[in-house]
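Source file: final-v5.pdb. Holds: PDB, C-alpha atoms, pLDDT in the B column.
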ATOM      1  CA  ALA A   1      -3.312  -2.171  21.909  1.00 53.00           C
ATOM      2  CA  ARG A   2      -2.348  -5.073  19.665  1.00 60.00           C
ATOM      3  CA  ALA A   3      -5.614  -4.872  17.727  1.00 60.00           C
ATOM      4  CA  GLY A   4      -4.953  -1.198  17.017  1.00 64.00           C
ATOM      5  CA  ARG A   5      -1.804  -2.130  15.107  1.00 65.00           C
ATOM      6  CA  LEU A   6      -3.828  -4.286  12.741  1.00 63.00           C
ATOM      7  CA  VAL A   7      -5.688  -1.240  11.461  1.00 69.00           C
ATOM      8  CA  THR A   8      -2.702  -0.231   9.325  1.00 77.00           C
ATOM      9  CA  VAL A   9      -1.831  -3.684   7.962  1.00 80.00           C
ATOM     10  CA  PRO A  10      -2.825  -4.060   4.282  1.00 85.00           C
ATOM     11  CA  THR A  11      -5.908  -6.269   4.365  1.00 87.00           C
ATOM     12  CA  LEU A  12      -8.157  -7.805   1.738  1.00 90.00           C
ATOM     13  CA  ILE A  13     -11.577  -8.934   2.942  1.00 90.00           C
ATOM     14  CA  ILE A  14     -13.439 -11.202   0.543  1.00 91.00           C
ATOM     15  CA  CYS A  15     -16.966 -11.952   1.621  1.00 90.00           C
ATOM     16  CA  GLY A  16     -19.611 -14.111  -0.023  1.00 91.00           C
ATOM     17  CA  MET A  17     -22.853 -12.190   0.425  1.00 90.00           C
ATOM     18  CA  LYS A  18     -24.954 -15.376   0.337  1.00 91.00           C
ATOM     19  CA  ASP A  19     -23.023 -16.820   3.294  1.00 91.00           C
ATOM     20  CA  THR A  20     -25.604 -17.884   5.856  1.00 91.00           C
ATOM     21  CA  ALA A  21     -22.947 -17.785   8.589  1.00 89.00           C
ATOM     22  CA  LEU A  22     -22.419 -14.055   7.983  1.00 83.00           C
ATOM     23  CA  ARG A  23     -24.457 -12.049  10.438  1.00 80.00           C
ATOM     24  CA  PRO A  24     -26.133  -8.886   9.182  1.00 70.00           C
ATOM     25  CA  GLY A  25     -23.833  -5.943   9.746  1.00 82.00           C
ATOM     26  CA  GLN A  26     -20.648  -8.040  10.039  1.00 87.00           C
ATOM     27  CA  LEU A  27     -19.147  -6.717   6.817  1.00 85.00           C
ATOM     28  CA  GLU A  28     -19.813  -3.124   7.886  1.00 86.00           C
ATOM     29  CA  ARG A  29     -18.208  -3.865  11.250  1.00 88.00           C
ATOM     30  CA  TRP A  30     -15.063  -5.111   9.494  1.00 86.00           C
ATOM     31  CA  ARG A  31     -15.043  -1.984   7.338  1.00 85.00           C
ATOM     32  CA  ARG A  32     -15.263   0.177  10.457  1.00 87.00           C
ATOM     33  CA  LEU A  33     -12.540  -1.728  12.323  1.00 87.00           C
ATOM     34  CA  LEU A  34     -10.206  -1.875   9.307  1.00 87.00           C
ATOM     35  CA  PRO A  35     -10.855   1.407   7.471  1.00 85.00           C
ATOM     36  CA  HIS A  36      -7.891   0.932   5.114  1.00 84.00           C
ATOM     37  CA  ALA A  37      -8.957  -2.575   4.129  1.00 87.00           C
ATOM     38  CA  THR A  38      -9.956  -3.439   0.608  1.00 87.00           C
ATOM     39  CA  VAL A  39     -13.376  -5.086   0.758  1.00 88.00           C
ATOM     40  CA  LEU A  40     -14.754  -7.338  -1.959  1.00 88.00           C
ATOM     41  CA  PRO A  41     -18.369  -8.366  -1.395  1.00 88.00           C
ATOM     42  CA  VAL A  42     -19.029 -11.256  -3.807  1.00 90.00           C
ATOM     43  CA  THR A  43     -22.767 -11.126  -4.409  1.00 89.00           C
ATOM     44  CA  ALA A  44     -23.058 -14.477  -6.201  1.00 90.00           C
ATOM     45  CA  ALA A  45     -21.110 -16.478  -3.578  1.00 92.00           C
ATOM     46  CA  GLY A  46     -21.763 -17.978  -0.193  1.00 92.00           C
ATOM     47  CA  HIS A  47     -19.269 -19.291   2.369  1.00 92.00           C
ATOM     48  CA  TRP A  48     -16.672 -20.352  -0.226  1.00 93.00           C
ATOM     49  CA  PRO A  49     -16.254 -17.384  -2.601  1.00 93.00           C
ATOM     50  CA  HIS A  50     -12.870 -18.669  -3.799  1.00 92.00           C
ATOM     51  CA  GLU A  51     -14.646 -21.781  -5.116  1.00 94.00           C
ATOM     52  CA  GLU A  52     -17.953 -20.196  -6.131  1.00 94.00           C
ATOM     53  CA  ALA A  53     -16.478 -17.173  -7.944  1.00 92.00           C
ATOM     54  CA  PRO A  54     -12.829 -18.124  -8.554  1.00 92.00           C
ATOM     55  CA  SER A  55     -12.168 -15.642 -11.370  1.00 91.00           C
ATOM     56  CA  GLU A  56     -13.518 -12.696  -9.398  1.00 91.00           C
ATOM     57  CA  VAL A  57     -11.561 -13.676  -6.285  1.00 92.00           C
ATOM     58  CA  ALA A  58      -8.333 -14.369  -8.208  1.00 90.00           C
ATOM     59  CA  GLU A  59      -8.574 -11.017  -9.957  1.00 88.00           C
ATOM     60  CA  ALA A  60      -9.110  -9.217  -6.625  1.00 89.00           C
ATOM     61  CA  VAL A  61      -6.178 -11.014  -4.996  1.00 90.00           C
ATOM     62  CA  ALA A  62      -3.883 -10.269  -7.954  1.00 87.00           C
ATOM     63  CA  GLU A  63      -4.859  -6.598  -7.907  1.00 87.00           C
ATOM     64  CA  PHE A  64      -4.405  -6.440  -4.122  1.00 87.00           C
ATOM     65  CA  LEU A  65      -0.953  -8.023  -4.264  1.00 85.00           C
ATOM     66  CA  GLY A  66       0.141  -5.757  -7.085  1.00 81.00           C
ATOM     67  CA  PRO A  67       2.302  -6.323 -10.147  1.00 71.00           C
ATOM     68  CA  GLY A  68       4.750  -9.181 -10.009  1.00 61.00           C
ATOM     69  CA  CYS A  69       3.102 -10.942  -7.092  1.00 59.00           C
ATOM     70  CA  ALA A  70       0.432 -12.913  -8.905  1.00 49.00           C
ATOM     71  CA  ALA A  71       1.147 -15.438 -11.631  1.00 49.00           C
ATOM     72  CA  PRO A  72      -0.944 -14.601 -14.681  1.00 49.00           C
ATOM     73  CA  GLY A  73      -2.780 -17.146 -16.794  1.00 51.00           C
ATOM     74  CA  GLU A  74      -0.566 -20.000 -17.872  1.00 49.00           C
ATOM     75  CA  ARG A  75       1.920 -19.729 -15.010  1.00 53.00           C
ATOM     76  CA  LEU A  76      -0.943 -20.027 -12.512  1.00 51.00           C
ATOM     77  CA  ALA A  77      -2.360 -23.019 -14.390  1.00 52.00           C
ATOM     78  CA  GLN A  78       1.102 -24.628 -14.381  1.00 53.00           C
ATOM     79  CA  ARG A  79       1.413 -24.083 -10.628  1.00 54.00           C
ATOM     80  CA  ARG A  80      -1.929 -25.812 -10.107  1.00 51.00           C
ATOM     81  CA  ARG A  81      -0.849 -28.774 -12.247  1.00 53.00           C
ATOM     82  CA  ASP A  82       2.456 -28.998 -10.363  1.00 56.00           C
ATOM     83  CA  ALA A  83       0.671 -28.851  -6.991  1.00 53.00           C
ATOM     84  CA  ILE A  84      -1.642 -31.685  -8.021  1.00 52.00           C
ATOM     85  CA  LEU A  85       1.295 -33.799  -9.208  1.00 52.00           C
ATOM     86  CA  ASP A  86       3.236 -33.122  -5.989  1.00 51.00           C
ATOM     87  CA  GLU A  87       0.404 -34.177  -3.673  1.00 47.00           C
ATOM     88  CA  PRO A  88       0.675 -37.727  -2.306  1.00 45.00           C
ATOM     89  CA  CYS A  89      -2.157 -40.037  -3.305  1.00 38.00           C
TER
END
Could you write out this structure as structure tokens?
Amino acid sequence: ARAGRLVTVPTLIICGMKDTALRPGQLERWRRLLPHATVLPVTAAGHWPHEEAPSEVAEAVAEFLGPGCAAPGERLAQRRRDAILDEPC
């Protein structure tokens, strides 16, 4: 019953297609179980698509979140700099 509720939750699935941990058919299974999900297969990435194809992933996340939710260009770079400065050494 609980799993059925997840079907309507907005979902973004980002999957590196060179991921050796991904079993054949897993992405299609996710698509079947979450038919309203947005699926981004990243062909040039493996297990870490956010590191291997950061621009593609960032663009997909920004589009998924919609206007006003993602910090464009310089604001995102500033957030990264601030996060680095805030981290304890």
Subject >> the PyMOL selection byres ((chain A and resi 30) around 12) resolved against shown file, as an MDAnalysis selection string >> reply: chainID A and resid 6:7 11:15 22:29 31:41
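Here CA of Thr43 in chain A stands at a distance of 14.0 Å from CA of Ala60 in chain A.
Computed from the coordinates, the CA of Val9 in chain A to CA of Val61 in chain A distance equals 15.5 Å.
Coordinates place CA of Pro49 in chain A at a distance of 13.0 Å from CA of Ala21 in chain A.
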Kindly provide, as JSON, the centre and edge lengths (Å, one decimal) of an axis-aligned box around all atoms of range 49-55 of chain A given in the file, with 3 Å on each side.
{"center_x": -15.1, "center_y": -18.7, "center_z": -7.0, "size_x": 11.8, "size_y": 12.1, "size_z": 14.8}
**OP:** Taking the file above as input, evaluate the PyMOL selection byres ((chain A and resi 48) around 12) and report the hits as a ChimeraX atom specification.
**Re:** /A:14-22,42-47,49-54,57
